[in-house]
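J.: First the structure, then my questions, so here it is.
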Amino acid sequence: MSKPSQQRMTIKQGIACVLRAVGIIRKIYPWYLTLSNTMSVLRTLETLVALYFSARIIDELSGGRDLGRIAFYVVIAVVLAFVLRGLVTFIRAECNHH
């Protein structure tokens, strides 16, 4: 049995294909890539906000134990998580709508 010949794409050809695909996507739905990238950034921020405020809460619990500050961090973390999740959900619905 002989192996089928495989032609590998060069980097230049690969970049040309990606740019062509981006152009086609922009023609079909101009805002899709922007919304998709924004959704990815917001999802990343959602995770980072949770990590950051969890660390702040743990630091406060192990250190000063100021209940007012702990409550403030908890409220800010929950509100930011809610707002970011709402934005992600809205953008996902908008992307799926078109």
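By convention in this document, the chains of the structure tokens carry letters A, B, ... by their order, each chain's residues are numbered from 1, and ligands are numbered from 1 in the order they are shown.
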I want to know what sits within 10 Å of A:Tyr32, based on only C-alpha atoms, with residues of the same chain fewer than 4 positions away left out; could you give that as a list in words?
T.: Ile25, Arg26, Ile28, Ser36, Asn37, Thr38, Ile91, Glu94, Cys95, Asn96 and His98 of chain A
J.: Would you save the residues from that selection as a PDB file, in the first residue's frame, using C-alpha atoms?
T.:
```pdb
ATOM      1  CA  ILE A  25     -17.313  36.336   8.252  1.00  0.00           C
ATOM      2  CA  ARG A  26     -17.238  40.146   8.294  1.00  0.00           C
ATOM      3  CA  ILE A  28     -21.930  37.854   6.402  1.00  0.00           C
ATOM      4  CA  SER A  36     -17.182  37.178  20.075  1.00  0.00           C
ATOM      5  CA  ASN A  37     -13.913  38.765  21.188  1.00  0.00           C
ATOM      6  CA  THR A  38     -15.720  41.020  23.664  1.00  0.00           C
ATOM      7  CA  ILE A  91     -23.691  39.113  23.809  1.00  0.00           C
ATOM      8  CA  GLU A  94     -26.915  38.528  20.101  1.00  0.00           C
ATOM      9  CA  CYS A  95     -24.309  36.305  18.415  1.00  0.00           C
ATOM     10  CA  ASN A  96     -26.713  33.362  18.232  1.00  0.00           C
ATOM     11  CA  HIS A  98     -27.835  36.299  13.706  1.00  0.00           C
TER      12      HIS A  98
END
```
J.: Kindly provide the residues of stretch 39-71 of chain A that approach stretch 76-89 of chain A to within 7 Å, each paired with its closest atom pair and their distance in Å to one decimal, based on only C-alpha atoms, listed by chain and increasing number, as a tab-separated table.
T.:
```
residue	atom	partner	partner_atom	distance
A:Met39	CA	A:Val88	CA	5.5
A:Leu42	CA	A:Leu84	CA	6.3
A:Arg43	CA	A:Val88	CA	6.9
A:Glu46	CA	A:Ala81	CA	5.9
A:Val49	CA	A:Ala77	CA	6.8
A:Ala50	CA	A:Ala77	CA	6.3
A:Phe53	CA	A:Ala77	CA	6.0
```
J.: State, in Å with one decimal place, the distance from atom CA of A:Ser62 to atom CA of A:Thr47.
T.: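 Separation between atom CA of A:Ser62 and atom CA of A:Thr47: 22.6 Å.
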J.: Quick check, in Å to one decimal: how far apart do atom CA of A:Phe72 and atom CA of A:Val41 lie?
T.: 24.9 Å
J.: Find the distance between atom CA of A:Arg69 and atom CA of A:Leu51 and write it in Å to one decimal.
T.: 16.8 Å
J.: Within 12 Å of A:Ile58, counting only C-alpha atoms, which residues qualify if same-chain residues fewer than 5 places away don't, as a compact mmCIF listing (two decimals) with C-alpha atoms, in the first residue's frame?
T.:
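Saved result, part.txt, follows:
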```txt
# COMPACT_ATOMS: atom_id res chain seq x y z
CA LEU A 51 -10.19 35.17 41.96
CA TYR A 52 -9.15 38.68 42.95
CA PHE A 53 -11.96 39.26 45.43
CA GLY A 63 -5.48 39.36 58.89
CA GLY A 64 -7.60 42.25 60.14
CA ARG A 65 -10.99 40.51 60.21
CA ASP A 66 -12.81 43.77 59.51
CA ARG A 69 -14.47 45.34 54.59
CA ILE A 70 -15.26 41.64 54.12
CA TYR A 73 -15.63 42.71 49.07
CA VAL A 74 -18.39 40.13 48.98
```
